Structures are given as C-alpha cells and as structure tokens.
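Undergrad: Structure supplied as upload-v8.cif; contents: mmCIF, C-alpha atoms.
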data_work
#
loop_
_atom_site.group_PDB
_atom_site.id
_atom_site.type_symbol
_atom_site.label_atom_id
_atom_site.label_comp_id
_atom_site.auth_asym_id
_atom_site.auth_seq_id
_atom_site.Cartn_x
_atom_site.Cartn_y
_atom_site.Cartn_z
ATOM 1 C CA MET Z 1 -8.688 13.380 7.330
ATOM 2 C CA SER Z 2 -5.249 12.024 6.521
ATOM 3 C CA ILE Z 3 -3.015 9.141 7.534
ATOM 4 C CA CYS Z 4 0.777 9.259 7.788
ATOM 5 C CA LEU Z 5 2.435 5.901 8.471
ATOM 6 C CA ILE Z 6 5.939 6.070 9.962
ATOM 7 C CA THR Z 7 7.864 2.820 9.820
ATOM 8 C CA GLY Z 8 11.418 1.665 10.466
ATOM 9 C CA GLY Z 9 13.564 -0.507 12.669
ATOM 10 C CA GLN Z 10 13.906 -0.454 16.426
ATOM 11 C CA ARG Z 11 15.525 2.778 17.675
ATOM 12 C CA SER Z 12 15.400 4.347 14.220
ATOM 13 C CA GLY Z 13 13.778 7.560 15.506
ATOM 14 C CA LYS Z 14 10.172 6.755 14.583
ATOM 15 C CA SER Z 15 8.487 8.000 17.747
ATOM 16 C CA ILE Z 16 10.499 11.201 18.058
ATOM 17 C CA HIS Z 17 9.838 12.047 14.412
ATOM 18 C CA ALA Z 18 6.123 11.297 14.862
ATOM 19 C CA GLU Z 19 5.928 13.451 18.002
ATOM 20 C CA ARG Z 20 7.624 16.380 16.283
ATOM 21 C CA LEU Z 21 5.319 16.060 13.291
ATOM 22 C CA ALA Z 22 2.228 15.971 15.517
ATOM 23 C CA LEU Z 23 3.340 19.130 17.316
ATOM 24 C CA THR Z 24 3.782 20.957 14.009
ATOM 25 C CA LEU Z 25 0.160 20.115 13.163
ATOM 26 C CA SER Z 26 -1.489 20.785 16.533
ATOM 27 C CA LYS Z 27 -0.854 22.601 19.799
ATOM 28 C CA ASN Z 28 -2.606 19.798 21.673
ATOM 29 C CA PRO Z 29 -2.291 16.448 19.865
ATOM 30 C CA ILE Z 30 -3.493 13.116 21.176
ATOM 31 C CA TYR Z 31 -0.946 10.419 22.004
ATOM 32 C CA MET Z 32 -2.661 7.028 21.748
ATOM 33 C CA ALA Z 33 -0.367 4.504 23.414
ATOM 34 C CA THR Z 34 -1.053 0.856 22.594
ATOM 35 C CA ALA Z 35 1.537 -0.769 24.844
ATOM 36 C CA HIS Z 36 0.805 -3.493 27.321
ATOM 37 C CA VAL Z 37 3.523 -3.321 29.994
ATOM 38 C CA TRP Z 38 4.947 -6.829 30.189
ATOM 39 C CA ASP Z 39 7.898 -6.323 32.561
ATOM 40 C CA GLU Z 40 9.982 -3.745 34.454
ATOM 41 C CA GLU Z 41 12.397 -3.040 31.581
ATOM 42 C CA PHE Z 42 9.479 -2.260 29.290
ATOM 43 C CA HIS Z 43 7.922 -0.088 32.004
ATOM 44 C CA GLU Z 44 11.131 1.989 31.971
ATOM 45 C CA ARG Z 45 10.864 2.392 28.186
ATOM 46 C CA VAL Z 46 7.277 3.613 28.552
ATOM 47 C CA LYS Z 47 8.339 6.095 31.250
ATOM 48 C CA LYS Z 48 11.021 7.558 28.939
ATOM 49 C CA HIS Z 49 8.409 8.049 26.214
ATOM 50 C CA GLN Z 50 6.055 9.715 28.693
ATOM 51 C CA GLN Z 51 8.776 12.016 30.060
ATOM 52 C CA ARG Z 52 9.515 13.290 26.536
ATOM 53 C CA ARG Z 53 5.980 14.572 26.160
ATOM 54 C CA GLY Z 54 4.740 17.708 27.828
ATOM 55 C CA PRO Z 55 1.348 18.824 29.139
ATOM 56 C CA GLU Z 56 0.197 19.813 25.633
ATOM 57 C CA TRP Z 57 -0.449 16.145 24.875
ATOM 58 C CA THR Z 58 -3.725 14.373 25.594
ATOM 59 C CA ASN Z 59 -2.698 10.837 26.521
ATOM 60 C CA ILE Z 60 -4.918 7.839 25.853
ATOM 61 C CA GLU Z 61 -3.766 4.354 26.802
ATOM 62 C CA GLU Z 62 -5.645 1.750 24.811
ATOM 63 C CA GLU Z 63 -4.323 -1.743 24.161
ATOM 64 C CA ARG Z 64 -6.855 -2.921 21.574
ATOM 65 C CA TRP Z 65 -10.048 -0.993 20.853
ATOM 66 C CA LEU Z 66 -8.683 2.304 19.546
ATOM 67 C CA SER Z 67 -11.895 3.300 17.774
ATOM 68 C CA ARG Z 68 -13.892 3.570 20.983
ATOM 69 C CA HIS Z 69 -12.240 6.954 21.527
ATOM 70 C CA ASP Z 70 -13.748 9.986 19.799
ATOM 71 C CA VAL Z 71 -10.807 11.780 18.175
ATOM 72 C CA ARG Z 72 -12.680 13.742 15.504
ATOM 73 C CA GLY Z 73 -11.038 17.032 14.581
ATOM 74 C CA ARG Z 74 -7.777 16.154 16.328
ATOM 75 C CA VAL Z 75 -4.227 15.164 15.425
ATOM 76 C CA VAL Z 76 -3.710 11.622 16.741
ATOM 77 C CA LEU Z 77 -0.378 9.857 17.111
ATOM 78 C CA VAL Z 78 -0.860 6.084 17.442
ATOM 79 C CA ASP Z 79 2.291 4.495 18.879
ATOM 80 C CA CYS Z 80 2.452 1.780 17.750
ATOM 81 C CA LEU Z 81 0.958 -0.842 15.450
ATOM 82 C CA THR Z 82 3.613 -3.367 16.501
ATOM 83 C CA LEU Z 83 2.540 -3.347 20.138
ATOM 84 C CA TRP Z 84 -1.099 -3.128 19.132
ATOM 85 C CA ALA Z 85 -0.677 -6.239 16.965
ATOM 86 C CA THR Z 86 1.047 -8.002 19.875
ATOM 87 C CA ASN Z 87 -2.015 -7.379 22.039
ATOM 88 C CA PHE Z 88 -4.316 -8.970 19.448
ATOM 89 C CA PHE Z 89 -1.855 -11.753 18.648
ATOM 90 C CA PHE Z 90 -1.793 -13.016 22.226
ATOM 91 C CA ALA Z 91 -5.470 -12.335 23.016
ATOM 92 C CA ASP Z 92 -7.913 -15.204 23.064
ATOM 93 C CA GLY Z 93 -5.439 -17.660 21.564
ATOM 94 C CA ALA Z 94 -5.157 -15.609 18.380
ATOM 95 C CA GLU Z 95 -1.478 -16.516 17.953
ATOM 96 C CA ALA Z 96 -2.780 -19.751 16.495
ATOM 97 C CA ASP Z 97 -4.987 -17.869 14.003
ATOM 98 C CA VAL Z 98 -3.141 -15.020 12.307
ATOM 99 C CA GLU Z 99 -5.901 -14.490 9.749
ATOM 100 C CA ARG Z 100 -8.536 -13.961 12.441
ATOM 101 C CA ALA Z 101 -6.326 -11.486 14.302
ATOM 102 C CA LEU Z 102 -5.523 -9.638 11.058
ATOM 103 C CA GLU Z 103 -9.191 -9.313 10.044
ATOM 104 C CA THR Z 104 -10.099 -7.990 13.500
ATOM 105 C CA MET Z 105 -7.279 -5.426 13.385
ATOM 106 C CA LYS Z 106 -8.102 -4.303 9.842
ATOM 107 C CA ALA Z 107 -11.727 -3.684 10.844
ATOM 108 C CA GLU Z 108 -10.645 -1.801 13.969
ATOM 109 C CA PHE Z 109 -8.077 0.220 11.973
ATOM 110 C CA ASP Z 110 -10.829 1.212 9.524
ATOM 111 C CA ARG Z 111 -13.223 2.196 12.333
ATOM 112 C CA LEU Z 112 -10.536 4.380 13.931
ATOM 113 C CA THR Z 113 -9.336 6.050 10.753
ATOM 114 C CA SER Z 114 -12.863 6.644 9.463
ATOM 115 C CA GLN Z 115 -13.100 9.419 12.046
ATOM 116 C CA ASP Z 116 -12.434 12.886 10.620
ATOM 117 C CA ALA Z 117 -8.966 13.346 12.135
ATOM 118 C CA THR Z 118 -5.296 13.480 11.180
ATOM 119 C CA PHE Z 119 -3.544 10.229 12.062
ATOM 120 C CA ILE Z 120 0.182 9.700 12.503
ATOM 121 C CA ILE Z 121 0.757 5.988 12.961
ATOM 122 C CA VAL Z 122 4.041 4.401 14.023
ATOM 123 C CA THR Z 123 5.003 0.812 13.232
ATOM 124 C CA ASN Z 124 8.108 -1.377 12.990
ATOM 125 C CA GLU Z 125 9.668 -3.164 10.048
ATOM 126 C CA ILE Z 126 10.477 -6.402 11.839
ATOM 127 C CA GLY Z 127 10.630 -8.616 8.755
ATOM 128 C CA SER Z 128 13.785 -7.018 7.376
ATOM 129 C CA GLY Z 129 16.130 -9.014 9.567
ATOM 130 C CA GLY Z 130 15.660 -12.495 8.172
ATOM 131 C CA THR Z 131 13.357 -15.394 8.935
ATOM 132 C CA PRO Z 132 12.617 -15.942 12.641
ATOM 133 C CA VAL Z 133 13.737 -19.249 14.079
ATOM 134 C CA ASN Z 134 10.466 -20.347 15.685
ATOM 135 C CA ASP Z 135 6.890 -20.622 14.495
ATOM 136 C CA VAL Z 136 5.401 -18.082 16.934
ATOM 137 C CA GLN Z 137 7.865 -15.417 15.780
ATOM 138 C CA ARG Z 138 7.218 -16.289 12.137
ATOM 139 C CA ARG Z 139 3.441 -16.006 12.595
ATOM 140 C CA PHE Z 140 3.804 -12.651 14.351
ATOM 141 C CA THR Z 141 6.183 -11.346 11.673
ATOM 142 C CA ASP Z 142 3.643 -12.419 9.041
ATOM 143 C CA LEU Z 143 0.820 -10.730 10.960
ATOM 144 C CA LEU Z 144 2.647 -7.427 11.380
ATOM 145 C CA GLY Z 145 3.918 -7.452 7.803
ATOM 146 C CA LEU Z 146 0.382 -7.929 6.483
ATOM 147 C CA LEU Z 147 -0.987 -5.263 8.842
ATOM 148 C CA ASN Z 148 1.758 -2.839 7.759
ATOM 149 C CA GLN Z 149 0.899 -3.463 4.099
ATOM 150 C CA TYR Z 150 -2.754 -2.748 4.838
ATOM 151 C CA ALA Z 151 -1.950 0.446 6.754
ATOM 152 C CA ALA Z 152 0.444 1.624 4.034
ATOM 153 C CA GLN Z 153 -2.229 1.120 1.371
ATOM 154 C CA LYS Z 154 -4.658 3.236 3.412
ATOM 155 C CA ALA Z 155 -2.048 5.901 4.223
ATOM 156 C CA ASP Z 156 -1.729 9.150 2.334
ATOM 157 C CA GLU Z 157 1.967 9.296 3.223
ATOM 158 C CA VAL Z 158 4.501 6.658 4.294
ATOM 159 C CA VAL Z 159 7.847 7.583 5.845
ATOM 160 C CA MET Z 160 10.666 5.129 6.576
ATOM 161 C CA MET Z 161 13.057 6.127 9.346
ATOM 162 C CA VAL Z 162 16.673 5.169 8.723
ATOM 163 C CA SER Z 163 19.185 6.076 11.450
ATOM 164 C CA GLY Z 164 17.047 9.020 12.543
ATOM 165 C CA ILE Z 165 16.531 10.309 8.992
ATOM 166 C CA PRO Z 166 13.016 10.339 7.497
ATOM 167 C CA VAL Z 167 12.846 8.925 3.962
ATOM 168 C CA LYS Z 168 9.548 9.479 2.146
ATOM 169 C CA ILE Z 169 8.279 6.249 0.592
ATOM 170 C CA LYS Z 170 4.799 7.352 -0.481
#
Output the structure of this file as structure tokens.

TA:
Amino acid sequence: MSICLITGGQRSGKSIHAERLALTLSKNPIYMATAHVWDEEFHERVKKHQQRRGPEWTNIEEERWLSRHDVRGRVVLVDCLTLWATNFFFADGAEADVERALETMKAEFDRLTSQDATFIIVTNEIGSGGTPVNDVQRRFTDLLGLLNQYAAQKADEVVMMVSGIPVKIK
C-alpha cells in the first residue's frame, strides 16, 4: 500500500500527471471521480476528463463514501479531494461546522486508504492566492487546507505541480 498526493493550482497539470503515473503502475487502474456536476460548464469539464481516459480505466463515480468500494490490490486515482471536500462541506449544513466535516472526511480517508492498494490522490492548493473575501469561502479554504495537511502527513510521496512540471515535496 502507498499513497501519492498530487497538489497544485487550477490547471497546473495535476490530473494529467496523475493519470500518466497510474498507467505506469497498472494496465487497468481505477479512476475514482468525486465530482458533483453543478452546472453545464462543469459537465463539459467532466466530459473532457472522461474523453482523455481510455477503456483500460475502471471508472467509479462516488461523491462522498469512497471507502464503500473494494479497491484492494489495485492502483486507484482519486480525483479530487477538493471536489470531495465540497460535497461534504455543503452536505447536511456542514458549511457551518468545518470541524465536523473535517473529522468525517479524515475517518473516511483512513477507511479508504487502509485498503491494500496504491493510491494516487489529487487535490488543489486553493489557499495560496490570499484570503477569500467572504466567510463561506474562508471556511472552505480552511477545511481543504486542513484536509490537505492530513492527507500529506499520511502520504508516502507528495508532488506539487507547477506549470505542468512535477516538483517532489516529500
């Protein structure tokens, strides 16, 4: 079992790098997509991601409960923690309780990654751009930052994508 966390800004090349890495480790990796499709523009983004992948991928769409899928013995690309956190943040009024959402996600992250598998996990560094102007954005930035710290601590390797170039952090 191993965990590789790939982080970076929007459009930094995280997903493409993660997909390439997964294909070097397995002929039939799992792509675990966490996105909830909120609008048509986002639907188009999802379609572009799907079109990049070929039939060698096993696709699982799961917005919250990643650990309910048996992935033992497989290479699993989770794309991404940012969207996954969004799903928990807005579920059941959790945006008002960041700590509760974080504890739920940490427990779910541990259940998923306790399976004997190789995990490649994508996330965003959204806190690098300054302090958000409203309280909802600030709470979400806090939530994702804390989740990213937790995932990075658990990870065997951490890679930061900068303009399409992978930079090993850990």

Undergrad: Starting from the PyMOL selection byres ((chain Z and resi 106-121) around 7), expand the selection into actual residues of this file and give them as a VMD selection string.

TA: chain Z and resid 1 to 6 18 65 to 67 71 to 80 102 to 105 122 to 123

Undergrad: To one decimal place in Å, what is the distance between CA of Pro166 in chain Z and CA of Arg138 in chain Z?

TA: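 Here the two named atoms are 27.6 Å from each other.
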
Undergrad: What is the CA of Ala91 in chain Z-CA of Leu144 in chain Z distance in Å, reported with one decimal?

TA: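 Interatomic distance here is 15.0 Å.
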
Undergrad: Find the residue from Z:Gln153, Z:Ser26, Z:Ser15, Z:Thr34 that sits nearest to Leu81 in chain Z; use all atoms listed in the file when measuring.

TA: Z:Thr34

Undergrad: Tell me which residues the PyMOL selection byres ((chain Z and resi 48-56) around 8) grabs here, as an MDAnalysis selection string.

TA: chainID Z and resid 27:29 44:47 57:58

Undergrad: Distance CA of Tyr31 in chain Z-CA of Asn59 in chain Z, one decimal place?

TA: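 These atoms are spaced 4.9 Å apart.
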
Undergrad: If I put a ball of radius 8 Å at (0.6, -7.0, 15.0) in the file's coordinates, which residues poke into it when counting all atoms listed in the file, written as a ChimeraX atom specification?

TA: /Z:81-89,102,140-141,143-145,147

Undergrad: Quick one: of Z:Val98, Z:Met161, Z:Lys168, Z:Gly9, who's nearest to Asp135 in chain Z, counting all atoms listed in the file?

TA: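 Of all the options, Z:Val98 lies closest to Asp135 in chain Z.
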
Undergrad: So, counting all atoms listed in the file, which residue among Z:Gln10, Z:His17, Z:Glu40, Z:Gln149 is closest to Ile165 in chain Z?

TA: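 Looking at the shortest contact to Ile165 in chain Z, the residue is Z:His17.
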
Undergrad: Name the closest residue to Leu146 in chain Z among the candidates Z:Ala33, Z:Ala101, Z:Val167, Z:Leu21; distances are taken between atoms, counting only C-alpha atoms.

TA: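 For Leu146 in chain Z, the nearest of the given residues is Z:Ala101.
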
Undergrad: Here is a test: counting all atoms listed in the file, which residue of Z:Asp142, Z:Glu157, Z:Glu41, Z:Glu61 is nearest to Asp97 in chain Z?

TA: Z:Asp142

Undergrad: Box time for range 97-115 of chain Z: axis-aligned, enclosing all its listed atoms, 8 Å extra on each side; report centre and edge lengths in Å to one decimal, as lines of an AutoDock Vina configuration file.

TA:
center_x = -8.2
center_y = -4.2
center_z = 11.9
size_x = 26.1
size_y = 43.3
size_z = 20.8

Undergrad: Run the PyMOL selection byres ((chain Z and resi 129) around 12) against the file shown and list the residues it catches, as a PyMOL selection string.

TA: chain Z and resi 8-10+124-128+130-133+138+141

Undergrad: Next, dump the selected residues to file, keeping only C-alpha atoms, as a PDB file, keeping the file's coordinate frame.

TA:
ATOM      1  CA  GLY Z   8      11.418   1.665  10.466  1.00  0.00           C
ATOM      2  CA  GLY Z   9      13.564  -0.507  12.669  1.00  0.00           C
ATOM      3  CA  GLN Z  10      13.906  -0.454  16.426  1.00  0.00           C
ATOM      4  CA  ASN Z 124       8.108  -1.377  12.990  1.00  0.00           C
ATOM      5  CA  GLU Z 125       9.668  -3.164  10.048  1.00  0.00           C
ATOM      6  CA  ILE Z 126      10.477  -6.402  11.839  1.00  0.00           C
ATOM      7  CA  GLY Z 127      10.630  -8.616   8.755  1.00  0.00           C
ATOM      8  CA  SER Z 128      13.785  -7.018   7.376  1.00  0.00           C
ATOM      9  CA  GLY Z 130      15.660 -12.495   8.172  1.00  0.00           C
ATOM     10  CA  THR Z 131      13.357 -15.394   8.935  1.00  0.00           C
ATOM     11  CA  PRO Z 132      12.617 -15.942  12.641  1.00  0.00           C
ATOM     12  CA  VAL Z 133      13.737 -19.249  14.079  1.00  0.00           C
ATOM     13  CA  ARG Z 138       7.218 -16.289  12.137  1.00  0.00           C
ATOM     14  CA  THR Z 141       6.183 -11.346  11.673  1.00  0.00           C
TER      15      THR Z 141
END
